[in-house]
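Asks: Input work_37.txt, format and content: compact mmCIF, C-alpha atoms.
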# COMPACT_ATOMS: atom_id res chain seq x y z
CA MET C 1 95.92 -71.34 143.37
CA GLN C 2 94.75 -74.80 142.39
CA HIS C 3 96.84 -77.75 143.40
CA GLN C 4 98.27 -79.76 140.54
CA LEU C 5 99.63 -82.79 142.31
CA VAL C 6 97.48 -84.18 145.11
CA ALA C 7 98.38 -87.22 147.20
CA GLN C 8 95.67 -88.70 149.38
CA GLN C 9 96.08 -91.11 152.28
CA LEU C 10 99.14 -92.88 150.92
CA SER C 11 100.17 -96.06 152.72
CA PHE C 12 102.81 -98.60 151.87
CA LYS C 13 103.11 -102.02 153.36
CA ARG C 14 105.98 -104.38 152.63
CA GLN C 15 105.85 -107.91 154.01
CA GLN C 16 103.64 -107.05 156.96
CA SER C 17 105.70 -104.05 158.01
CA LEU C 18 104.22 -100.64 157.46
CA LEU C 19 106.65 -98.19 155.84
CA PHE C 20 104.34 -95.20 156.00
CA GLU C 21 100.66 -94.60 156.51
CA ARG C 22 98.13 -91.96 155.57
CA LEU C 23 100.44 -89.46 153.96
CA SER C 24 98.57 -86.64 152.30
CA PHE C 25 100.01 -83.62 150.62
CA SER C 26 99.29 -81.35 147.70
CA LEU C 27 101.65 -79.33 145.55
CA SER C 28 101.10 -76.44 143.19
CA ALA C 29 103.42 -74.90 140.66
CA GLY C 30 106.54 -73.53 142.29
CA ASP C 31 106.37 -75.77 145.37
CA LEU C 32 109.24 -77.69 146.88
CA PHE C 33 108.46 -80.80 148.90
CA LEU C 34 111.15 -82.39 151.03
CA VAL C 35 110.99 -85.96 152.29
CA GLU C 36 113.21 -86.60 155.27
CA GLY C 37 113.94 -89.81 157.10
CA SER C 38 116.64 -92.14 158.35
CA ASN C 39 117.96 -95.02 156.25
CA GLY C 40 115.31 -97.60 155.55
CA SER C 41 112.45 -95.32 156.48
CA GLY C 42 110.87 -95.58 153.05
CA LYS C 43 112.00 -92.38 151.33
CA SER C 44 113.08 -94.13 148.14
CA THR C 45 109.98 -96.30 148.12
CA LEU C 46 107.74 -93.26 148.42
CA LEU C 47 109.50 -91.58 145.50
CA LYS C 48 109.40 -94.76 143.42
CA ALA C 49 105.69 -95.13 144.03
CA LEU C 50 105.24 -91.47 143.10
CA VAL C 51 106.66 -92.25 139.64
CA ASN C 52 104.62 -95.45 139.24
CA LEU C 53 107.60 -97.79 139.68
CA ALA C 54 105.92 -99.27 142.75
CA LYS C 55 102.30 -99.41 143.87
CA PHE C 56 100.90 -97.87 147.03
CA THR C 57 99.03 -100.34 149.22
CA PHE C 58 96.35 -97.71 149.78
CA GLY C 59 95.79 -94.20 148.58
CA GLU C 60 96.08 -92.45 145.27
CA VAL C 61 97.95 -89.64 143.60
CA LEU C 62 96.22 -87.22 141.26
CA TRP C 63 97.97 -85.10 138.65
CA ARG C 64 95.65 -82.42 137.28
CA ASP C 65 92.65 -84.38 138.59
CA CYS C 66 93.66 -87.59 136.83
CA LYS C 67 95.09 -90.62 138.61
CA ILE C 68 98.75 -91.01 137.74
CA ASP C 69 98.58 -94.76 137.10
CA LEU C 70 95.94 -94.47 134.40
CA PRO C 71 97.22 -94.85 130.83
CA VAL C 72 95.59 -91.57 129.79
CA SER C 73 97.58 -89.58 132.31
CA ASP C 74 100.42 -87.52 130.82
CA TYR C 75 102.09 -87.38 134.23
CA ILE C 76 105.06 -89.64 133.43
CA SER C 77 106.05 -87.59 130.41
CA LYS C 78 106.02 -84.44 132.57
CA LEU C 79 108.57 -85.53 135.12
CA HIS C 80 112.26 -86.09 135.64
CA TYR C 81 113.19 -88.87 138.04
CA VAL C 82 116.70 -89.43 139.34
CA GLY C 83 116.71 -92.44 141.60
CA HIS C 84 119.10 -93.75 144.16
CA ALA C 85 121.16 -95.34 141.39
CA ASP C 86 122.42 -92.98 138.73
CA GLY C 87 120.69 -94.65 135.81
CA ILE C 88 123.60 -94.30 133.44
CA LYS C 89 125.34 -96.91 131.31
CA LEU C 90 128.86 -97.50 132.58
CA ARG C 91 130.34 -98.54 129.24
CA LEU C 92 129.19 -95.47 127.36
CA THR C 93 131.13 -92.22 127.36
CA VAL C 94 129.83 -89.11 129.10
CA LEU C 95 128.68 -87.61 125.82
CA GLU C 96 126.96 -90.81 124.66
CA ASN C 97 125.22 -91.15 128.01
CA ILE C 98 123.99 -87.59 128.06
CA ARG C 99 122.57 -87.94 124.54
CA LEU C 100 120.92 -91.25 125.40
CA LEU C 101 119.36 -89.96 128.63
CA ALA C 102 118.14 -86.74 127.09
CA GLN C 103 116.63 -88.70 124.22
CA LEU C 104 114.96 -91.21 126.55
CA THR C 105 113.34 -88.61 128.79
CA ALA C 106 112.25 -86.39 125.94
CA SER C 107 108.88 -86.99 124.37
CA SER C 108 108.47 -86.07 120.72
CA HIS C 109 106.98 -82.77 121.88
CA ASP C 110 110.15 -81.90 123.83
CA ILE C 111 112.39 -82.71 120.90
CA LYS C 112 110.66 -80.20 118.65
CA GLN C 113 110.68 -77.58 121.37
CA ARG C 114 114.22 -76.33 121.87
CA SER C 115 115.64 -77.51 125.16
CA LEU C 116 116.91 -75.16 127.84
CA LEU C 117 120.58 -75.53 127.10
CA ASP C 118 122.59 -77.45 124.57
CA VAL C 119 124.69 -80.46 125.48
CA ALA C 120 128.02 -78.61 125.36
CA SER C 121 126.98 -75.89 127.79
CA VAL C 122 125.48 -78.40 130.23
CA LEU C 123 128.77 -80.31 130.17
CA THR C 124 130.68 -77.11 130.86
CA LEU C 125 128.25 -76.17 133.61
CA LEU C 126 128.74 -79.52 135.31
CA ARG C 127 132.51 -79.45 134.70
CA LEU C 128 132.36 -82.68 132.74
CA ASN C 129 133.57 -81.27 129.42
CA GLN C 130 137.11 -82.56 129.97
CA HIS C 131 135.80 -86.10 130.34
CA GLN C 132 133.29 -86.10 127.54
CA SER C 133 134.86 -89.02 125.70
CA THR C 134 135.76 -90.99 128.84
CA GLN C 135 133.74 -94.09 129.63
CA VAL C 136 131.59 -93.43 132.69
CA HIS C 137 133.04 -96.57 134.30
CA TYR C 138 136.25 -94.61 135.00
CA LEU C 139 134.58 -91.57 136.58
CA SER C 140 134.30 -90.90 140.30
CA GLN C 141 131.04 -91.29 142.22
CA GLY C 142 130.44 -87.54 142.29
CA GLU C 143 131.07 -87.18 138.57
CA LYS C 144 128.58 -89.97 137.85
CA ARG C 145 126.02 -88.19 140.03
CA ARG C 146 126.60 -84.95 138.15
CA LEU C 147 126.02 -86.79 134.88
CA ALA C 148 122.80 -88.29 136.24
CA LEU C 149 121.55 -84.78 137.06
CA ALA C 150 122.52 -83.40 133.64
CA LYS C 151 119.19 -84.24 132.03
CA LEU C 152 117.37 -81.92 134.45
CA PHE C 153 119.09 -78.98 132.80
CA LEU C 154 118.85 -80.35 129.26
CA VAL C 155 115.16 -81.13 128.91
CA SER C 156 112.66 -78.90 130.64
CA LYS C 157 109.92 -80.70 132.59
CA PRO C 158 107.54 -79.32 135.23
CA ILE C 159 108.16 -81.97 137.90
CA TRP C 160 111.47 -83.08 139.39
CA ILE C 161 111.46 -86.14 141.62
CA LEU C 162 114.94 -86.68 143.01
CA ASP C 163 116.22 -89.26 145.45
CA GLU C 164 118.99 -87.69 147.53
CA PRO C 165 120.41 -85.60 144.69
CA LEU C 166 123.12 -84.05 146.85
CA THR C 167 124.91 -87.27 147.84
CA ALA C 168 128.49 -87.45 146.61
CA LEU C 169 128.35 -83.93 145.17
CA ASP C 170 131.06 -81.42 146.11
CA SER C 171 130.03 -78.06 147.52
CA GLU C 172 130.53 -76.28 144.20
CA THR C 173 128.12 -78.64 142.38
CA GLN C 174 125.69 -78.50 145.29
CA ALA C 175 125.56 -74.74 144.94
CA LEU C 176 125.06 -75.06 141.20
CA PHE C 177 122.26 -77.57 141.73
CA LEU C 178 120.54 -75.28 144.23
CA THR C 179 120.64 -72.30 141.85
CA GLN C 180 119.19 -74.47 139.08
CA LEU C 181 116.53 -75.70 141.49
CA ALA C 182 115.67 -72.11 142.41
CA SER C 183 115.20 -71.13 138.78
CA HIS C 184 113.17 -74.29 138.16
CA LEU C 185 110.81 -73.38 141.01
CA LYS C 186 110.63 -69.78 139.84
CA ASN C 187 109.54 -70.99 136.40
CA ASN C 188 106.55 -72.70 138.00
CA GLY C 189 108.21 -76.09 138.25
CA MET C 190 107.71 -78.31 141.27
CA ALA C 191 110.17 -80.61 142.99
CA ILE C 192 109.94 -83.55 145.36
CA ILE C 193 113.30 -84.27 146.93
CA SER C 194 114.34 -86.79 149.53
CA THR C 195 117.19 -85.80 151.78
CA HIS C 196 118.96 -86.58 155.05
CA HIS C 197 119.01 -83.01 156.25
CA PHE C 198 117.24 -79.82 155.41
CA SER C 199 120.15 -77.42 155.85
CA PRO C 200 121.10 -77.04 152.15
CA PHE C 201 117.49 -76.18 151.32
CA GLU C 202 117.04 -73.55 154.03
CA CYS C 203 116.98 -70.70 151.54
CA PHE C 204 113.77 -72.09 150.01
CA ALA C 205 110.21 -72.11 151.23
CA PHE C 206 109.25 -75.76 151.39
CA GLN C 207 106.76 -78.29 152.69
CA ARG C 208 108.29 -81.19 154.54
CA ILE C 209 107.47 -84.59 155.79
CA SER C 210 109.44 -86.88 158.09
CA LEU C 211 109.23 -90.63 157.71
CA ASN C 212 110.27 -92.39 160.87
CA MET U 1 109.59 -93.62 118.11
CA LEU U 2 112.27 -94.67 115.64
CA ILE U 3 114.73 -92.15 117.06
CA HIS U 4 114.58 -93.95 120.39
CA PHE U 5 114.82 -97.35 118.71
CA ARG U 6 117.96 -96.28 116.83
CA ILE U 7 119.74 -94.66 119.74
CA ILE U 8 119.10 -97.63 122.04
CA LEU U 9 120.27 -100.13 119.43
CA HIS U 10 123.39 -98.05 118.87
CA SER U 11 124.14 -97.64 122.60
CA GLU U 12 123.61 -101.30 123.37
CA LEU U 13 125.89 -102.38 120.54
CA LEU U 14 128.57 -99.96 121.75
CA CYS U 15 128.27 -101.40 125.27
CA CYS U 16 128.64 -104.94 123.93
CA ILE U 17 131.69 -104.06 121.84
CA ARG U 18 133.37 -102.38 124.81
CA GLN U 19 132.65 -105.35 127.03
CA PRO U 20 134.29 -108.24 125.18
CA GLN U 21 133.08 -110.82 127.70
CA SER U 22 129.50 -110.26 126.55
CA TRP U 23 130.24 -111.79 123.14
CA LEU U 24 133.52 -113.63 123.76
CA TYR U 25 132.19 -115.93 126.50
CA PRO U 26 129.20 -117.30 124.56
CA ILE U 27 131.25 -117.99 121.46
CA THR U 28 134.09 -119.68 123.37
CA PHE U 29 131.59 -121.73 125.36
CA PHE U 30 129.86 -122.70 122.10
CA VAL U 31 133.09 -123.91 120.47
CA ILE U 32 134.15 -125.89 123.55
CA VAL U 33 130.77 -127.61 123.97
CA VAL U 34 130.63 -128.45 120.26
CA SER U 35 134.07 -130.01 120.37
CA LEU U 36 133.11 -132.14 123.39
CA PHE U 37 130.60 -134.18 121.39
CA PRO U 38 132.99 -135.77 118.84
CA ILE U 39 135.31 -136.69 121.70
CA ALA U 40 132.46 -138.54 123.39
CA PHE U 41 131.38 -140.21 120.10
CA THR U 42 134.92 -141.52 119.50
CA LEU U 43 136.06 -141.09 115.93
CA ASP U 44 133.17 -142.56 114.03
CA GLN U 45 132.61 -140.34 111.00
CA THR U 46 129.07 -141.60 110.24
CA LEU U 47 127.93 -140.86 113.78
CA VAL U 48 129.55 -137.41 113.71
CA GLU U 49 127.91 -136.58 110.39
CA LYS U 50 124.54 -137.76 111.56
CA TYR U 51 124.37 -136.18 115.00
CA MET U 52 126.74 -133.20 114.88
CA PRO U 53 124.21 -130.67 113.51
CA ALA U 54 121.85 -131.39 116.42
CA CYS U 55 124.76 -131.12 118.85
CA ILE U 56 125.67 -127.74 117.40
CA TRP U 57 122.08 -126.63 117.97
CA ILE U 58 122.13 -127.77 121.60
CA ALA U 59 125.43 -125.96 122.11
CA ALA U 60 123.91 -122.76 120.72
CA LEU U 61 120.96 -123.18 123.06
CA LEU U 62 123.22 -123.56 126.09
CA ALA U 63 125.47 -120.68 125.01
CA SER U 64 122.50 -118.35 124.78
CA LEU U 65 121.24 -119.48 128.17
CA LEU U 66 124.65 -118.65 129.62
CA SER U 67 124.64 -115.03 128.50
CA ILE U 68 120.99 -114.00 128.49
CA GLU U 69 120.88 -114.03 132.27
CA ASN U 70 122.51 -110.61 132.41
CA ILE U 71 120.49 -108.88 129.74
CA PHE U 72 118.33 -106.83 132.12
CA TYR U 73 120.13 -107.39 135.39
CA ALA U 74 123.03 -104.98 134.87
CA ASP U 75 120.59 -102.27 133.80
CA LEU U 76 118.44 -102.90 136.86
CA GLU U 77 121.45 -102.52 139.15
CA ALA U 78 122.57 -99.32 137.42
CA GLY U 79 119.10 -97.78 137.62
CA TYR U 80 119.04 -97.52 133.83
CA LEU U 81 116.06 -99.87 133.61
CA GLU U 82 114.01 -97.39 135.67
CA GLN U 83 114.84 -94.68 133.17
CA LEU U 84 113.74 -96.98 130.33
CA LEU U 85 110.48 -97.70 132.13
CA LEU U 86 109.84 -93.98 132.68
CA SER U 87 110.60 -92.95 129.13
CA PRO U 88 107.56 -91.58 127.30
CA SER U 89 108.64 -93.60 124.25
CA SER U 90 107.34 -97.13 123.72
CA LEU U 91 108.94 -99.55 126.18
CA ALA U 92 108.19 -102.52 123.93
CA LEU U 93 110.14 -101.02 121.03
CA ASN U 94 113.00 -100.05 123.32
CA VAL U 95 113.15 -103.58 124.73
CA PHE U 96 113.04 -104.95 121.18
CA ALA U 97 116.01 -102.76 120.22
CA LYS U 98 117.90 -104.06 123.22
CA LEU U 99 117.17 -107.69 122.30
CA ILE U 100 118.22 -107.14 118.68
CA ALA U 101 121.51 -105.68 119.86
CA TYR U 102 121.99 -108.66 122.15
CA TRP U 103 121.28 -111.08 119.30
CA MET U 104 123.73 -109.31 117.00
CA ALA U 105 126.46 -109.29 119.61
CA SER U 106 126.20 -112.75 121.13
CA LEU U 107 124.36 -115.04 118.71
CA LEU U 108 125.23 -113.77 115.24
CA PRO U 109 128.93 -114.66 115.78
CA LEU U 110 127.91 -118.25 116.56
CA ILE U 111 126.00 -118.49 113.28
CA VAL U 112 128.92 -117.01 111.38
CA LEU U 113 131.25 -119.52 112.99
CA THR U 114 129.02 -122.52 112.23
CA PRO U 115 130.21 -123.12 108.61
CA LEU U 116 133.75 -123.24 109.95
CA LEU U 117 132.75 -125.86 112.51
CA GLY U 118 130.95 -127.77 109.73
CA LEU U 119 134.19 -127.82 107.76
CA PHE U 120 135.97 -129.05 110.86
CA PHE U 121 133.69 -132.07 111.21
CA HIS U 122 133.47 -132.81 107.45
CA LEU U 123 129.75 -132.07 107.26
CA ALA U 124 128.19 -131.94 103.79
CA VAL U 125 127.62 -128.45 102.36
CA PRO U 126 123.79 -128.74 102.18
CA THR U 127 123.73 -129.89 105.82
CA VAL U 128 125.79 -126.88 106.91
CA LEU U 129 123.58 -124.57 104.90
CA SER U 130 120.39 -125.93 106.42
CA LEU U 131 121.98 -125.75 109.86
CA CYS U 132 122.74 -122.06 109.30
CA VAL U 133 119.21 -121.42 108.04
CA SER U 134 117.70 -123.10 111.10
CA LEU U 135 119.98 -121.12 113.42
CA LEU U 136 119.20 -117.84 111.67
CA LEU U 137 115.47 -118.42 112.02
CA GLY U 138 115.56 -120.09 115.42
CA THR U 139 117.94 -117.93 117.47
CA PRO U 140 115.72 -114.81 117.37
CA ILE U 141 112.98 -116.88 119.04
CA LEU U 142 115.58 -118.05 121.54
CA VAL U 143 116.48 -114.46 122.42
CA LEU U 144 112.88 -113.27 122.70
CA LEU U 145 111.81 -116.19 124.90
CA GLY U 146 115.00 -115.80 126.92
CA GLY U 147 114.26 -112.10 127.39
CA PHE U 148 110.77 -113.00 128.55
CA VAL U 149 112.00 -115.54 131.11
CA THR U 150 114.72 -113.15 132.33
CA ALA U 151 112.16 -110.41 132.79
CA LEU U 152 109.98 -112.82 134.77
CA THR U 153 112.76 -113.83 137.15
CA ILE U 154 114.56 -110.49 137.48
CA GLY U 155 113.19 -109.74 140.93
CA LEU U 156 114.34 -113.04 142.40
CA ASN U 157 117.61 -114.05 143.96
CA GLN U 158 119.65 -116.82 142.34
CA GLN U 159 117.73 -116.61 139.13
CA GLY U 160 120.35 -118.57 137.16
CA ALA U 161 119.10 -122.12 137.77
CA LEU U 162 115.44 -121.14 137.64
CA LEU U 163 116.08 -119.41 134.33
CA GLY U 164 117.29 -122.69 132.81
CA LEU U 165 114.38 -124.64 134.28
CA ILE U 166 111.84 -122.35 132.61
CA PHE U 167 113.77 -121.53 129.45
CA LEU U 168 114.89 -124.98 128.25
CA PRO U 169 111.43 -126.65 128.20
CA LEU U 170 110.06 -123.59 126.38
CA MET U 171 112.71 -124.06 123.72
CA MET U 172 111.93 -127.71 122.98
CA PRO U 173 109.52 -127.07 120.07
CA ILE U 174 112.09 -124.84 118.38
CA LEU U 175 114.74 -127.52 118.79
CA ILE U 176 112.43 -130.20 117.37
CA ILE U 177 111.52 -128.14 114.30
CA SER U 178 115.15 -127.15 113.68
CA VAL U 179 116.39 -130.73 113.92
CA THR U 180 113.61 -131.86 111.57
CA LEU U 181 114.76 -129.22 109.11
CA ILE U 182 118.33 -130.51 109.21
CA GLN U 183 117.25 -134.17 108.95
CA GLN U 184 115.11 -133.41 105.92
CA SER U 185 118.04 -131.78 104.19
CA GLN U 186 120.26 -134.76 105.08
CA ALA U 187 117.63 -137.08 103.58
CA GLY U 188 117.62 -134.97 100.40
CA LEU U 189 114.11 -133.60 100.95
CA SER U 190 112.94 -130.02 100.67
CA ILE U 191 113.40 -127.93 103.84
CA ALA U 192 110.68 -125.46 102.87
CA SER U 193 107.99 -126.53 105.31
CA PRO U 194 110.00 -126.64 108.57
CA ALA U 195 111.79 -123.44 107.50
CA ALA U 196 108.45 -121.73 106.91
CA LEU U 197 107.21 -122.95 110.28
CA LEU U 198 110.32 -121.59 112.03
CA ALA U 199 110.08 -118.29 110.18
CA GLY U 200 106.42 -118.00 111.13
CA LEU U 201 107.20 -118.67 114.77
CA ALA U 202 110.00 -116.10 114.68
CA LEU U 203 107.68 -113.46 113.25
CA PHE U 204 105.02 -114.35 115.79
CA ALA U 205 107.52 -114.00 118.62
CA MET U 206 108.79 -110.68 117.25
CA THR U 207 105.35 -109.14 117.01
CA LEU U 208 104.06 -110.40 120.35
CA LEU U 209 106.87 -110.90 122.84
CA PRO U 210 108.33 -107.37 123.04
CA TRP U 211 104.97 -106.17 124.40
CA VAL U 212 104.76 -109.08 126.81
CA ILE U 213 108.32 -108.47 128.02
CA ALA U 214 107.55 -104.77 128.53
CA THR U 215 104.53 -105.57 130.69
CA VAL U 216 106.36 -108.25 132.66
CA LEU U 217 109.28 -105.88 133.30
CA ARG U 218 106.93 -103.28 134.77
CA MET U 219 105.45 -105.91 137.06
CA SER U 220 108.80 -107.37 138.11
CA VAL U 221 110.37 -104.01 138.94
CA ASP U 222 107.36 -103.18 141.08
CA GLY U 223 108.02 -106.18 143.33
Could you rewrite the structure in this file as structure tokens?

Replies:
Amino acid sequence: MQHQLVAQQLSFKRQQSLLFERLSFSLSAGDLFLVEGSNGSGKSTLLKALVNLAKFTFGEVLWRDCKIDLPVSDYISKLHYVGHADGIKLRLTVLENIRLLAQLTASSHDIKQRSLLDVASVLTLLRLNQHQSTQVHYLSQGEKRRLALAKLFLVSKPIWILDEPLTALDSETQALFLTQLASHLKNNGMAIISTHHFSPFECFAFQRISLN
Amino acid sequence: MLIHFRIILHSELLCCIRQPQSWLYPITFFVIVVSLFPIAFTLDQTLVEKYMPACIWIAALLASLLSIENIFYADLEAGYLEQLLLSPSSLALNVFAKLIAYWMASLLPLIVLTPLLGLFFHLAVPTVLSLCVSLLLGTPILVLLGGFVTALTIGLNQQGALLGLIFLPLMMPILIISVTLIQQSQAGLSIASPAALLAGLALFAMTLLPWVIATVLRMSVDG
């Protein structure tokens, strides 16, 4: 099968120090790619550069044979990114946030196409329905993380790029996330996930890379 | 496109309303600075009448400088700015919506309060009117340029002082035109030409700066 996302010879230098060098990998539909490394090893930077929020010092990433940083590439509209920070607005309620995030990630094409689940069922799934009119400011860290992940289940996109999605999640939500991930991969989605340890992902077939 | 514009405007306004310090601080600061000037002038009514409108303008300038610092910073910290940057919708329009919400929440109250301050200092009605016109046309430029400077300095530490150093010189032409407008009305002349100049500059800023800010934000976040 042809590879859809190809990374060639990626290097990243920050103020003379080399974070990583000559990383190459390629992913096809249904692949899971895990990035492992200790704190400060450059996991988040790699993921940021993979979504064009930072620039690689050398190397390039191709999505369907087109460089991802070219304006013609549709790569950005095909992916979900959840970074280290949750990316939610603290003064909005859970419901307002979920609407805003879904709207922001959705392109006009996605809006016309019915999404996977409606807002109410995603809230129930993530056990946030009791807090739907609470300002996010008052939620716990884990609840904020759950809210940040909500858009993955709301708007369907082929690529997930997630920076340590399991931090602060309780075991019940972790299990839920892993089932959703499995169905995403089964539907020909791909995922790039940074993590401290591989153990939660052992039930999947995955490619891995260690940054150290 | 417009769906995104509307939802961002709505969300930003909600955030401002739920965070009273975002609009309460600028307006309180504005009133305090304005009331400092007459104290320094002693109680000379001719001086107050002559210079107060310009003082009110300077106070508005400083009040906007005080609050605009945070316009992108909180979103950067929360990771929300990344989501904005990654949205397939137009970043320039989204940024524009954010700036409009900011203007409505922190500068519109100052303009609404200005007639009251005019009454306070016994300013003539035409002077107060022309002051309001100049503020209505000038403050949008203030917000757009402020947004531009904030976007430029967002990646730096201790951006506060630097922000003022870049922002205040940039604002000088606007201040000059606005004060000319008020002086012409005080002299009984028509205010049409400075008002048209200000309006033109505001339109120019609105059509150009959102795109510039969007590009600068992408560059600053990268660093």

Asks: Hey, can you check how far atom CA of U:Ile177 sits from atom CA of U:Ser193?

Replies: 9.8 Å

Asks: Would you mind listing what lies within 6 Å of stretch 27-34 of chain C as a PyMOL selection string, with only C-alpha atoms counted and same-chain residues fewer than 5 positions away left out?

Replies: chain C and resi 3-5+185+188-194+206-208

Asks: Kindly give the distance, in Å, that separates atom CA of U:Trp103 and atom CA of U:Trp211, rounded to a single decimal.

Replies: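 Straight-line distance from atom CA of U:Trp103 to atom CA of U:Trp211 works out to 17.8 Å.
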
Asks: With 7 Å as the limit and counting only C-alpha atoms, what residues in chain C lie close to chain U? Please list them as a PyMOL selection string.

Replies: chain C and resi 53-55+76-77+85-89+91-92+100+103-105+107

Asks: With distances taken over only C-alpha atoms, which residue among U:Leu209, U:Met52, U:Leu9, U:Leu91 lies nearest U:Gly118?

Replies: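 So, comparing all the options, the nearest one is U:Met52.
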
Asks: Extract, using only C-alpha atoms, all DNA, RNA and protein residues at most 9 Å from stretch 21-25 of chain U, discarding same-chain residues fewer than 3 positions from it, and format them as a list in words.

Replies: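 What passes the distance filter is Cys16, Ile17, Arg18, Thr28, Phe29, Phe30, Ala63, Leu66, Ser67, Tyr102, Ala105, Ser106, Leu107 and Pro109 of chain U.
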
Asks: Measure the distance from atom CA of C:Phe201 to atom CA of C:Leu176 in Å and round it to one decimal.

Replies: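 Here the two named atoms are 12.7 Å from each other.
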
Asks: Counting all atoms listed in the file, I want the residues whose atoms come within 7 Å of (98.6, -82.9, 138.7) in the file frame, returned as a ChimeraX atom specification.

Replies: /C:4-6,62-65

Asks: Ranking C:Leu70, C:Leu18, C:Val82, C:Leu47 by minimum distance to C:Leu101 and counting only C-alpha atoms, which one comes first?

Replies: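 Nearest candidate to C:Leu101 out of C:Leu70, C:Leu18, C:Val82, C:Leu47: C:Val82.
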
Asks: So which one's closest to C:Leu149, C:Pro71, C:Gly59, C:Pro200, C:Gly83? Using all atoms listed in the file, please.

Replies: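 Of the candidates, the smallest distance to C:Leu149 is held by C:Gly83.
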
Asks: Quick one: residues within 8 Å of U:Ala151, all atoms listed in the file counted, chain neighbours fewer than 5 positions away excluded, as a list in words?

Replies: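 These residues fall inside the cut-off: Phe72, Ile213, Val216, Leu217 and Ser220 of chain U.
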